[in-house]
file work-v3.txt (compact mmCIF, N, CA and C atoms)
# COMPACT_ATOMS: atom_id res chain seq x y z
N MET Q 7 -21.19 74.73 -9.03
CA MET Q 7 -22.00 74.16 -8.00
C MET Q 7 -22.57 72.81 -8.42
N LYS Q 8 -23.01 72.71 -9.72
CA LYS Q 8 -23.56 71.45 -10.21
C LYS Q 8 -22.49 70.36 -10.22
N LYS Q 9 -21.24 70.74 -10.46
CA LYS Q 9 -20.16 69.75 -10.48
C LYS Q 9 -20.00 69.11 -9.10
N LYS Q 10 -20.18 69.90 -8.04
CA LYS Q 10 -20.07 69.36 -6.69
C LYS Q 10 -21.16 68.33 -6.43
N TYR Q 11 -22.38 68.62 -6.84
CA TYR Q 11 -23.49 67.69 -6.64
C TYR Q 11 -23.24 66.39 -7.40
N TRP Q 12 -22.80 66.51 -8.67
CA TRP Q 12 -22.53 65.32 -9.46
C TRP Q 12 -21.38 64.51 -8.85
N LEU Q 13 -20.38 65.17 -8.33
CA LEU Q 13 -19.24 64.50 -7.71
C LEU Q 13 -19.69 63.78 -6.43
N ILE Q 14 -20.49 64.44 -5.61
CA ILE Q 14 -21.01 63.81 -4.38
C ILE Q 14 -21.90 62.64 -4.72
N LEU Q 15 -22.76 62.79 -5.72
CA LEU Q 15 -23.64 61.70 -6.15
C LEU Q 15 -22.83 60.52 -6.67
N LEU Q 16 -21.78 60.78 -7.42
CA LEU Q 16 -20.91 59.73 -7.94
C LEU Q 16 -20.20 59.00 -6.80
N ILE Q 17 -19.73 59.71 -5.82
CA ILE Q 17 -19.06 59.09 -4.66
C ILE Q 17 -20.04 58.22 -3.89
N ILE Q 18 -21.27 58.70 -3.70
CA ILE Q 18 -22.29 57.91 -2.99
C ILE Q 18 -22.61 56.64 -3.75
N ILE Q 19 -22.76 56.73 -5.06
CA ILE Q 19 -23.07 55.54 -5.88
C ILE Q 19 -21.91 54.54 -5.82
N ILE Q 20 -20.70 55.02 -5.91
CA ILE Q 20 -19.53 54.13 -5.82
C ILE Q 20 -19.47 53.47 -4.44
N ALA Q 21 -19.73 54.23 -3.36
CA ALA Q 21 -19.71 53.68 -2.01
C ALA Q 21 -20.77 52.60 -1.84
N ILE Q 22 -21.99 52.85 -2.34
CA ILE Q 22 -23.06 51.85 -2.25
C ILE Q 22 -22.69 50.61 -3.06
N GLY Q 23 -22.12 50.79 -4.22
CA GLY Q 23 -21.68 49.65 -5.04
C GLY Q 23 -20.61 48.83 -4.34
N LEU Q 24 -19.65 49.49 -3.70
CA LEU Q 24 -18.59 48.78 -2.97
C LEU Q 24 -19.17 48.01 -1.78
N ILE Q 25 -20.12 48.60 -1.08
CA ILE Q 25 -20.74 47.92 0.07
C ILE Q 25 -21.47 46.67 -0.40
N ILE Q 26 -22.25 46.78 -1.47
CA ILE Q 26 -22.98 45.62 -1.99
C ILE Q 26 -21.99 44.55 -2.47
N PHE Q 27 -20.96 44.95 -3.19
CA PHE Q 27 -19.95 44.00 -3.68
C PHE Q 27 -19.26 43.31 -2.51
N TYR Q 28 -18.90 44.05 -1.48
CA TYR Q 28 -18.21 43.48 -0.31
C TYR Q 28 -19.09 42.48 0.41
N LYS Q 29 -20.36 42.83 0.65
CA LYS Q 29 -21.26 41.92 1.37
C LYS Q 29 -21.50 40.64 0.59
N ASN Q 30 -21.68 40.72 -0.71
CA ASN Q 30 -21.87 39.52 -1.53
C ASN Q 30 -20.59 38.70 -1.60
N GLY Q 31 -19.46 39.35 -1.67
CA GLY Q 31 -18.18 38.64 -1.73
C GLY Q 31 -17.87 37.92 -0.44
N VAL Q 32 -18.14 38.53 0.71
CA VAL Q 32 -17.87 37.92 2.01
C VAL Q 32 -18.81 36.75 2.25
N LYS Q 33 -20.06 36.84 1.82
CA LYS Q 33 -21.04 35.79 2.03
C LYS Q 33 -20.61 34.50 1.33
N ASP Q 34 -20.05 34.62 0.12
CA ASP Q 34 -19.66 33.45 -0.66
C ASP Q 34 -18.23 33.01 -0.39
N SER Q 35 -17.49 33.74 0.40
CA SER Q 35 -16.10 33.43 0.66
C SER Q 35 -15.97 32.22 1.58
N LYS Q 36 -14.99 31.34 1.30
CA LYS Q 36 -14.73 30.17 2.13
C LYS Q 36 -13.42 30.34 2.91
N SER Q 37 -12.81 31.50 2.89
CA SER Q 37 -11.58 31.70 3.61
C SER Q 37 -11.88 31.90 5.09
N GLY Q 38 -10.90 31.58 5.92
CA GLY Q 38 -11.09 31.76 7.35
C GLY Q 38 -11.72 30.56 7.99
N ASN Q 39 -12.45 30.78 9.06
CA ASN Q 39 -13.02 29.72 9.87
C ASN Q 39 -14.53 29.62 9.62
N ASN Q 40 -14.93 29.39 8.37
CA ASN Q 40 -16.35 29.36 8.01
C ASN Q 40 -16.81 27.94 7.75
N LYS Q 41 -16.73 27.06 8.75
CA LYS Q 41 -17.15 25.68 8.59
C LYS Q 41 -18.59 25.53 9.05
N THR Q 42 -19.29 24.61 8.42
CA THR Q 42 -20.65 24.32 8.86
C THR Q 42 -20.58 23.48 10.13
N SER Q 43 -21.68 23.41 10.85
CA SER Q 43 -21.70 22.63 12.09
C SER Q 43 -21.47 21.15 11.80
N GLN Q 44 -21.95 20.65 10.68
CA GLN Q 44 -21.73 19.24 10.35
C GLN Q 44 -20.26 18.97 10.06
N GLU Q 45 -19.56 19.92 9.40
CA GLU Q 45 -18.12 19.76 9.16
C GLU Q 45 -17.36 19.72 10.47
N ILE Q 46 -17.77 20.52 11.44
CA ILE Q 46 -17.11 20.54 12.75
C ILE Q 46 -17.36 19.23 13.48
N VAL Q 47 -18.59 18.72 13.46
CA VAL Q 47 -18.91 17.44 14.10
C VAL Q 47 -18.11 16.32 13.46
N ASP Q 48 -18.05 16.28 12.13
CA ASP Q 48 -17.28 15.24 11.44
C ASP Q 48 -15.81 15.32 11.81
N TYR Q 49 -15.26 16.51 11.91
CA TYR Q 49 -13.86 16.67 12.30
C TYR Q 49 -13.62 16.12 13.70
N ILE Q 50 -14.50 16.45 14.64
CA ILE Q 50 -14.33 16.00 16.03
C ILE Q 50 -14.43 14.47 16.11
N LEU Q 51 -15.39 13.88 15.40
CA LEU Q 51 -15.57 12.43 15.45
C LEU Q 51 -14.43 11.67 14.78
N ASN Q 52 -13.67 12.33 13.92
CA ASN Q 52 -12.58 11.66 13.21
C ASN Q 52 -11.20 12.03 13.73
N ILE Q 53 -11.11 12.64 14.91
CA ILE Q 53 -9.82 12.97 15.49
C ILE Q 53 -9.11 11.68 15.87
N SER Q 54 -7.84 11.55 15.47
CA SER Q 54 -7.11 10.33 15.78
C SER Q 54 -6.25 10.47 17.03
N SER Q 55 -5.93 11.70 17.44
CA SER Q 55 -5.18 11.89 18.68
C SER Q 55 -5.31 13.34 19.13
N TYR Q 56 -5.14 13.53 20.43
CA TYR Q 56 -5.14 14.89 20.98
C TYR Q 56 -4.46 14.88 22.34
N GLU Q 57 -4.06 16.06 22.78
CA GLU Q 57 -3.54 16.26 24.13
C GLU Q 57 -4.16 17.55 24.64
N VAL Q 58 -4.68 17.52 25.87
CA VAL Q 58 -5.37 18.68 26.41
C VAL Q 58 -5.10 18.79 27.91
N GLN Q 59 -5.07 20.00 28.40
CA GLN Q 59 -5.00 20.25 29.83
C GLN Q 59 -6.29 20.95 30.23
N VAL Q 60 -7.03 20.35 31.15
CA VAL Q 60 -8.34 20.88 31.52
C VAL Q 60 -8.38 21.25 32.99
N THR Q 61 -9.24 22.20 33.29
CA THR Q 61 -9.53 22.57 34.68
C THR Q 61 -10.93 22.07 35.00
N VAL Q 62 -11.02 21.26 36.03
CA VAL Q 62 -12.29 20.65 36.42
C VAL Q 62 -12.67 21.20 37.79
N ASN Q 63 -13.85 21.79 37.89
CA ASN Q 63 -14.36 22.27 39.17
C ASN Q 63 -15.47 21.32 39.62
N VAL Q 64 -15.28 20.74 40.81
CA VAL Q 64 -16.26 19.81 41.37
C VAL Q 64 -16.89 20.48 42.58
N THR Q 65 -18.21 20.66 42.53
CA THR Q 65 -18.93 21.30 43.61
C THR Q 65 -19.85 20.28 44.26
N SER Q 66 -19.69 20.10 45.57
CA SER Q 66 -20.58 19.21 46.31
C SER Q 66 -21.35 20.05 47.33
N ASN Q 67 -22.10 19.39 48.17
CA ASN Q 67 -22.87 20.12 49.19
C ASN Q 67 -21.95 20.80 50.21
N LYS Q 68 -20.79 20.21 50.45
CA LYS Q 68 -19.92 20.73 51.52
C LYS Q 68 -18.76 21.59 51.03
N ASN Q 69 -18.24 21.32 49.83
CA ASN Q 69 -17.06 22.07 49.41
C ASN Q 69 -16.95 22.12 47.88
N LYS Q 70 -15.94 22.87 47.44
CA LYS Q 70 -15.63 22.98 46.03
C LYS Q 70 -14.17 22.58 45.84
N ASN Q 71 -13.91 21.75 44.84
CA ASN Q 71 -12.55 21.33 44.53
C ASN Q 71 -12.22 21.67 43.10
N LYS Q 72 -10.98 22.10 42.89
CA LYS Q 72 -10.51 22.45 41.56
C LYS Q 72 -9.34 21.52 41.22
N TYR Q 73 -9.44 20.87 40.05
CA TYR Q 73 -8.41 19.96 39.59
C TYR Q 73 -7.92 20.43 38.23
N ILE Q 74 -6.61 20.27 38.01
CA ILE Q 74 -6.05 20.49 36.68
C ILE Q 74 -5.53 19.13 36.23
N ILE Q 75 -6.04 18.68 35.08
CA ILE Q 75 -5.76 17.33 34.60
C ILE Q 75 -5.24 17.41 33.17
N LYS Q 76 -4.23 16.62 32.87
CA LYS Q 76 -3.73 16.51 31.51
C LYS Q 76 -4.24 15.19 30.94
N GLN Q 77 -4.81 15.25 29.75
CA GLN Q 77 -5.36 14.06 29.12
C GLN Q 77 -4.76 13.91 27.73
N ARG Q 78 -4.43 12.67 27.38
CA ARG Q 78 -3.88 12.35 26.07
C ARG Q 78 -4.65 11.18 25.50
N TYR Q 79 -4.97 11.25 24.20
CA TYR Q 79 -5.67 10.16 23.51
C TYR Q 79 -4.99 9.90 22.19
N GLN Q 80 -4.84 8.63 21.86
CA GLN Q 80 -4.31 8.26 20.55
C GLN Q 80 -5.11 7.08 20.04
N SER Q 81 -5.59 7.21 18.81
CA SER Q 81 -6.44 6.19 18.21
C SER Q 81 -5.67 4.89 18.07
N PRO Q 82 -6.25 3.74 18.21
CA PRO Q 82 -7.67 3.50 18.37
C PRO Q 82 -8.14 3.51 19.82
N ASN Q 83 -7.31 3.13 20.80
CA ASN Q 83 -7.84 3.06 22.16
C ASN Q 83 -6.78 3.25 23.24
N THR Q 84 -5.81 4.11 23.02
CA THR Q 84 -4.79 4.40 24.02
C THR Q 84 -5.09 5.77 24.62
N ASN Q 85 -5.23 5.82 25.95
CA ASN Q 85 -5.47 7.11 26.58
C ASN Q 85 -4.80 7.16 27.95
N MET Q 86 -4.57 8.40 28.41
CA MET Q 86 -3.90 8.64 29.68
C MET Q 86 -4.46 9.91 30.30
N GLN Q 87 -4.71 9.87 31.60
CA GLN Q 87 -5.11 11.05 32.38
C GLN Q 87 -4.12 11.18 33.54
N GLU Q 88 -3.63 12.40 33.75
CA GLU Q 88 -2.70 12.65 34.84
C GLU Q 88 -3.13 13.91 35.59
N VAL Q 89 -3.16 13.82 36.92
CA VAL Q 89 -3.53 14.96 37.75
C VAL Q 89 -2.31 15.86 37.91
N ILE Q 90 -2.46 17.14 37.59
CA ILE Q 90 -1.39 18.13 37.74
C ILE Q 90 -1.55 18.88 39.07
N GLU Q 91 -2.76 19.29 39.39
CA GLU Q 91 -3.07 19.98 40.64
C GLU Q 91 -4.37 19.42 41.20
N PRO Q 92 -4.57 19.39 42.47
CA PRO Q 92 -3.84 19.92 43.60
C PRO Q 92 -2.59 19.08 43.90
N SER Q 93 -1.67 19.70 44.63
CA SER Q 93 -0.36 19.08 44.84
C SER Q 93 -0.44 17.79 45.65
N ASN Q 94 -1.47 17.62 46.50
CA ASN Q 94 -1.53 16.42 47.32
C ASN Q 94 -1.84 15.16 46.51
N ILE Q 95 -2.43 15.30 45.32
CA ILE Q 95 -2.66 14.13 44.47
C ILE Q 95 -1.98 14.28 43.10
N ALA Q 96 -1.09 15.24 42.97
CA ALA Q 96 -0.37 15.43 41.70
C ALA Q 96 0.44 14.18 41.39
N GLY Q 97 0.47 13.81 40.14
CA GLY Q 97 1.23 12.63 39.73
C GLY Q 97 0.40 11.36 39.65
N VAL Q 98 -0.87 11.42 40.06
CA VAL Q 98 -1.74 10.26 39.91
C VAL Q 98 -2.06 10.13 38.42
N ARG Q 99 -1.80 8.94 37.89
CA ARG Q 99 -1.95 8.73 36.45
C ARG Q 99 -2.76 7.46 36.18
N ILE Q 100 -3.66 7.57 35.21
CA ILE Q 100 -4.45 6.42 34.75
C ILE Q 100 -4.14 6.24 33.28
N GLN Q 101 -3.64 5.05 32.91
CA GLN Q 101 -3.29 4.76 31.52
C GLN Q 101 -4.04 3.52 31.06
N ASN Q 102 -4.57 3.60 29.84
CA ASN Q 102 -5.25 2.46 29.24
C ASN Q 102 -4.64 2.25 27.86
N ASP Q 103 -4.08 1.06 27.63
CA ASP Q 103 -3.47 0.77 26.34
C ASP Q 103 -4.37 -0.07 25.44
N GLY Q 104 -5.61 -0.23 25.83
CA GLY Q 104 -6.55 -1.00 25.04
C GLY Q 104 -6.87 -2.35 25.64
N THR Q 105 -5.90 -2.93 26.36
CA THR Q 105 -6.15 -4.21 27.02
C THR Q 105 -5.92 -4.13 28.52
N ASN Q 106 -4.94 -3.34 28.94
CA ASN Q 106 -4.60 -3.24 30.36
C ASN Q 106 -4.83 -1.82 30.86
N LEU Q 107 -5.24 -1.72 32.12
CA LEU Q 107 -5.42 -0.43 32.78
C LEU Q 107 -4.34 -0.32 33.85
N LYS Q 108 -3.59 0.76 33.83
CA LYS Q 108 -2.50 0.96 34.78
C LYS Q 108 -2.79 2.20 35.62
N LEU Q 109 -2.85 2.03 36.93
CA LEU Q 109 -3.04 3.12 37.88
C LEU Q 109 -1.72 3.33 38.61
N GLU Q 110 -1.23 4.57 38.63
CA GLU Q 110 0.04 4.81 39.33
C GLU Q 110 0.02 6.14 40.05
N ASN Q 111 0.74 6.17 41.15
CA ASN Q 111 0.92 7.37 41.96
C ASN Q 111 2.41 7.58 42.10
N SER Q 112 2.96 8.57 41.42
CA SER Q 112 4.40 8.79 41.42
C SER Q 112 4.91 9.29 42.77
N GLN Q 113 4.08 10.01 43.54
CA GLN Q 113 4.50 10.49 44.85
C GLN Q 113 4.67 9.36 45.85
N LEU Q 114 3.75 8.40 45.81
CA LEU Q 114 3.80 7.27 46.75
C LEU Q 114 4.48 6.04 46.15
N ASN Q 115 4.90 6.11 44.90
CA ASN Q 115 5.56 5.01 44.20
C ASN Q 115 4.69 3.75 44.20
N LEU Q 116 3.40 3.92 43.88
CA LEU Q 116 2.45 2.81 43.83
C LEU Q 116 2.00 2.58 42.40
N ASN Q 117 1.90 1.29 42.02
CA ASN Q 117 1.43 0.91 40.69
C ASN Q 117 0.44 -0.23 40.81
N THR Q 118 -0.63 -0.16 40.06
CA THR Q 118 -1.61 -1.23 39.97
C THR Q 118 -1.93 -1.45 38.51
N ILE Q 119 -1.88 -2.70 38.07
CA ILE Q 119 -2.21 -3.03 36.69
C ILE Q 119 -3.40 -3.97 36.69
N ILE Q 120 -4.41 -3.60 35.93
CA ILE Q 120 -5.59 -4.45 35.75
C ILE Q 120 -5.50 -5.01 34.34
N GLU Q 121 -5.28 -6.31 34.23
CA GLU Q 121 -5.12 -6.93 32.92
C GLU Q 121 -6.48 -7.25 32.32
N ASN Q 122 -6.52 -7.26 30.98
CA ASN Q 122 -7.74 -7.55 30.23
C ASN Q 122 -8.89 -6.67 30.68
N TYR Q 123 -8.62 -5.39 30.80
CA TYR Q 123 -9.62 -4.42 31.24
C TYR Q 123 -10.58 -4.13 30.10
N ASN Q 124 -11.86 -4.31 30.33
CA ASN Q 124 -12.88 -4.01 29.33
C ASN Q 124 -13.38 -2.58 29.54
N TYR Q 125 -12.99 -1.71 28.63
CA TYR Q 125 -13.36 -0.30 28.71
C TYR Q 125 -14.81 -0.16 28.30
N PHE Q 126 -15.58 0.61 29.05
CA PHE Q 126 -16.97 0.80 28.69
C PHE Q 126 -17.30 2.28 28.66
N THR Q 127 -18.19 2.65 27.75
CA THR Q 127 -18.67 4.03 27.64
C THR Q 127 -20.15 3.99 27.31
N ILE Q 128 -20.76 5.12 27.42
CA ILE Q 128 -22.13 5.25 26.95
C ILE Q 128 -22.04 5.45 25.45
N GLY Q 129 -22.66 4.58 24.69
CA GLY Q 129 -22.55 4.63 23.24
C GLY Q 129 -23.28 5.81 22.65
N TYR Q 130 -22.89 6.17 21.45
CA TYR Q 130 -23.58 7.22 20.72
C TYR Q 130 -23.76 6.77 19.28
N ASP Q 131 -24.74 7.32 18.66
CA ASP Q 131 -25.07 7.00 17.28
C ASP Q 131 -24.71 8.21 16.42
N LYS Q 132 -23.74 8.05 15.51
CA LYS Q 132 -23.29 9.17 14.68
C LYS Q 132 -24.40 9.70 13.79
N SER Q 133 -25.39 8.89 13.46
CA SER Q 133 -26.44 9.35 12.56
C SER Q 133 -27.36 10.38 13.21
N ASN Q 134 -27.39 10.42 14.55
CA ASN Q 134 -28.25 11.38 15.26
C ASN Q 134 -27.57 12.72 15.47
N ILE Q 135 -26.30 12.81 15.17
CA ILE Q 135 -25.56 14.05 15.43
C ILE Q 135 -25.67 14.98 14.25

call {"tool": "encode", "arguments": {"input": "work-v3.txt", "output": "structure tokens"}}
result
Amino acid sequence: MKKKYWLILLIIIIAIGLIIFYKNGVKDSKSGNNKTSQEIVDYILNISSYEVQVTVNVTSNKNKNKYIIKQRYQSPNTNMQEVIEPSNIAGVRIQNDGTNLKLENSQLNLNTIIENYNYFTIGYDKSNI
């Protein structure tokens, strides 16, 4: 009978030791997706190119519109937005190569080029992030 108690006590001690070892090991582990928020911000601010397809919902007082837009960016200042849906404006594309802005509608075969286009944005200060 005493052997059973000692065996159960030994198993409990080993289990508690494994739990403590596991928790301490996982806390210090850098494997997986364990980045700090500053590392994530730095990564986002240093992206040199990306391509994304987004769904944009626009709600006004009278109606709701859903758009699917594909956007591409390549450093330093080349970007493109193209409307995928709704079908009545699909194919509308806005391209900026850094100096010229090109607006085109593939359905209506219309192109407009604005030369020496000065791109403007609301500035941000990296030190505040």

call {"tool": "residues_around", "arguments": {"input": "work-v3.txt", "residues": "segment 94-111 of chain Q", "least_positions_apart": "6", "cutoff": "5 Å", "atoms": "all atoms listed in the file", "output": "number ranges by chain"}}
result
Q: 83-88, 117-123

call {"tool": "select_by_dssp", "arguments": {"input": "work-v3.txt", "residues": "chain Q", "states": "strand (DSSP E)", "output": "ChimeraX atom specification"}}
result
/Q:55-65,70-80,84-91,98-102,107-111,116-120

call {"tool": "select_by_dssp", "arguments": {"input": "work-v3.txt", "residues": "segment 44-109 of chain Q", "states": "alpha helix (DSSP H)", "output": "PyMOL selection string"}}
result
chain Q and resi 44-51

call {"tool": "closest_residue", "arguments": {"input": "work-v3.txt", "among": "Q:Gln59, Q:Ser93, Q:Ser66, Q:Ser54", "to": "Gln80 of chain Q", "atoms": "all atoms listed in the file"}}
result
Q:Ser54

call {"tool": "decode", "arguments": {"input": "work-v3.txt", "residues": "segment 16-106 of chain Q", "atoms": "C-alpha atoms", "output": "PDB file, in the first residue's frame"}}
result
ATOM      1  CA  LEU Q  16       6.376  10.609  -7.495  1.00  0.00           C
ATOM      2  CA  ILE Q  17       4.064  10.935 -10.525  1.00  0.00           C
ATOM      3  CA  ILE Q  18       2.541  14.140  -9.098  1.00  0.00           C
ATOM      4  CA  ILE Q  19       5.989  15.644  -8.459  1.00  0.00           C
ATOM      5  CA  ILE Q  20       7.153  14.748 -11.971  1.00  0.00           C
ATOM      6  CA  ALA Q  21       3.942  16.225 -13.481  1.00  0.00           C
ATOM      7  CA  ILE Q  22       4.373  19.485 -11.525  1.00  0.00           C
ATOM      8  CA  GLY Q  23       8.031  19.655 -12.589  1.00  0.00           C
ATOM      9  CA  LEU Q  24       7.100  19.142 -16.256  1.00  0.00           C
ATOM     10  CA  ILE Q  25       4.418  21.844 -16.073  1.00  0.00           C
ATOM     11  CA  ILE Q  26       6.851  24.354 -14.543  1.00  0.00           C
ATOM     12  CA  PHE Q  27       9.562  23.433 -17.079  1.00  0.00           C
ATOM     13  CA  TYR Q  28       7.106  23.752 -19.991  1.00  0.00           C
ATOM     14  CA  LYS Q  29       5.766  27.156 -18.887  1.00  0.00           C
ATOM     15  CA  ASN Q  30       9.265  28.588 -18.400  1.00  0.00           C
ATOM     16  CA  GLY Q  31      10.457  27.119 -21.690  1.00  0.00           C
ATOM     17  CA  VAL Q  32       7.516  28.514 -23.688  1.00  0.00           C
ATOM     18  CA  LYS Q  33       7.871  31.974 -22.127  1.00  0.00           C
ATOM     19  CA  ASP Q  34      11.503  32.283 -23.279  1.00  0.00           C
ATOM     20  CA  SER Q  35      10.952  30.626 -26.657  1.00  0.00           C
ATOM     21  CA  LYS Q  36      11.293  32.778 -29.809  1.00  0.00           C
ATOM     22  CA  SER Q  37       9.863  30.200 -32.205  1.00  0.00           C
ATOM     23  CA  GLY Q  38       6.605  30.880 -33.984  1.00  0.00           C
ATOM     24  CA  ASN Q  39       4.933  34.240 -34.319  1.00  0.00           C
ATOM     25  CA  ASN Q  40       6.165  35.911 -31.103  1.00  0.00           C
ATOM     26  CA  LYS Q  41       7.105  39.387 -32.357  1.00  0.00           C
ATOM     27  CA  THR Q  42       6.848  42.501 -30.272  1.00  0.00           C
ATOM     28  CA  SER Q  43       4.541  45.286 -31.422  1.00  0.00           C
ATOM     29  CA  GLN Q  44       7.543  47.467 -32.289  1.00  0.00           C
ATOM     30  CA  GLU Q  45       8.994  44.693 -34.499  1.00  0.00           C
ATOM     31  CA  ILE Q  46       5.653  44.483 -36.317  1.00  0.00           C
ATOM     32  CA  VAL Q  47       5.480  48.273 -36.797  1.00  0.00           C
ATOM     33  CA  ASP Q  48       9.070  48.337 -38.105  1.00  0.00           C
ATOM     34  CA  TYR Q  49       8.278  45.515 -40.531  1.00  0.00           C
ATOM     35  CA  ILE Q  50       5.188  47.313 -41.874  1.00  0.00           C
ATOM     36  CA  LEU Q  51       7.022  50.633 -42.287  1.00  0.00           C
ATOM     37  CA  ASN Q  52       9.857  48.925 -44.196  1.00  0.00           C
ATOM     38  CA  ILE Q  53       7.741  46.950 -46.687  1.00  0.00           C
ATOM     39  CA  SER Q  54       9.099  47.543 -50.186  1.00  0.00           C
ATOM     40  CA  SER Q  55       6.190  46.012 -52.124  1.00  0.00           C
ATOM     41  CA  TYR Q  56       2.859  44.280 -51.658  1.00  0.00           C
ATOM     42  CA  GLU Q  57      -0.252  43.153 -53.509  1.00  0.00           C
ATOM     43  CA  VAL Q  58      -3.625  42.928 -51.795  1.00  0.00           C
ATOM     44  CA  GLN Q  59      -7.274  42.415 -52.670  1.00  0.00           C
ATOM     45  CA  VAL Q  60      -9.606  44.285 -50.334  1.00  0.00           C
ATOM     46  CA  THR Q  61     -13.343  44.496 -49.802  1.00  0.00           C
ATOM     47  CA  VAL Q  62     -14.533  48.025 -49.117  1.00  0.00           C
ATOM     48  CA  ASN Q  63     -18.019  48.691 -47.753  1.00  0.00           C
ATOM     49  CA  VAL Q  64     -19.231  52.272 -48.186  1.00  0.00           C
ATOM     50  CA  THR Q  65     -22.316  53.233 -46.207  1.00  0.00           C
ATOM     51  CA  SER Q  66     -24.077  56.525 -46.856  1.00  0.00           C
ATOM     52  CA  ASN Q  67     -27.419  57.895 -45.695  1.00  0.00           C
ATOM     53  CA  LYS Q  68     -29.236  56.373 -48.662  1.00  0.00           C
ATOM     54  CA  ASN Q  69     -27.459  53.137 -49.557  1.00  0.00           C
ATOM     55  CA  LYS Q  70     -24.610  50.706 -49.011  1.00  0.00           C
ATOM     56  CA  ASN Q  71     -22.047  49.835 -51.680  1.00  0.00           C
ATOM     57  CA  LYS Q  72     -19.545  46.998 -51.679  1.00  0.00           C
ATOM     58  CA  TYR Q  73     -16.374  47.211 -53.759  1.00  0.00           C
ATOM     59  CA  ILE Q  74     -13.617  44.677 -54.312  1.00  0.00           C
ATOM     60  CA  ILE Q  75     -10.364  46.404 -55.202  1.00  0.00           C
ATOM     61  CA  LYS Q  76      -6.925  45.051 -56.041  1.00  0.00           C
ATOM     62  CA  GLN Q  77      -4.030  47.239 -54.943  1.00  0.00           C
ATOM     63  CA  ARG Q  78      -0.341  46.904 -55.759  1.00  0.00           C
ATOM     64  CA  TYR Q  79       2.565  48.936 -54.346  1.00  0.00           C
ATOM     65  CA  GLN Q  80       6.244  48.845 -55.190  1.00  0.00           C
ATOM     66  CA  SER Q  81       8.847  51.028 -53.533  1.00  0.00           C
ATOM     67  CA  PRO Q  82       9.654  53.872 -53.835  1.00  0.00           C
ATOM     68  CA  ASN Q  83       6.461  55.327 -55.333  1.00  0.00           C
ATOM     69  CA  THR Q  84       4.763  53.049 -57.878  1.00  0.00           C
ATOM     70  CA  ASN Q  85       1.203  52.025 -57.070  1.00  0.00           C
ATOM     71  CA  MET Q  86      -1.929  50.777 -58.807  1.00  0.00           C
ATOM     72  CA  GLN Q  87      -5.565  50.316 -57.755  1.00  0.00           C
ATOM     73  CA  GLU Q  88      -8.026  48.361 -59.895  1.00  0.00           C
ATOM     74  CA  VAL Q  89     -11.746  47.827 -59.272  1.00  0.00           C
ATOM     75  CA  ILE Q  90     -12.742  44.145 -59.543  1.00  0.00           C
ATOM     76  CA  GLU Q  91     -16.396  44.447 -58.444  1.00  0.00           C
ATOM     77  CA  PRO Q  92     -19.121  45.719 -58.974  1.00  0.00           C
ATOM     78  CA  SER Q  93     -19.264  44.733 -62.624  1.00  0.00           C
ATOM     79  CA  ASN Q  94     -20.504  48.138 -63.842  1.00  0.00           C
ATOM     80  CA  ILE Q  95     -17.183  49.781 -62.898  1.00  0.00           C
ATOM     81  CA  ALA Q  96     -14.900  46.730 -63.102  1.00  0.00           C
ATOM     82  CA  GLY Q  97     -11.673  47.468 -64.915  1.00  0.00           C
ATOM     83  CA  VAL Q  98     -11.318  51.044 -63.683  1.00  0.00           C
ATOM     84  CA  ARG Q  99      -7.624  51.421 -62.903  1.00  0.00           C
ATOM     85  CA  ILE Q 100      -5.557  54.174 -61.303  1.00  0.00           C
ATOM     86  CA  GLN Q 101      -1.780  53.938 -61.767  1.00  0.00           C
ATOM     87  CA  ASN Q 102       0.895  56.223 -60.380  1.00  0.00           C
ATOM     88  CA  ASP Q 103       4.504  55.744 -61.484  1.00  0.00           C
ATOM     89  CA  GLY Q 104       5.892  58.520 -59.322  1.00  0.00           C
ATOM     90  CA  THR Q 105       5.591  61.328 -61.864  1.00  0.00           C
ATOM     91  CA  ASN Q 106       2.483  60.591 -63.933  1.00  0.00           C
TER      92      ASN Q 106
END
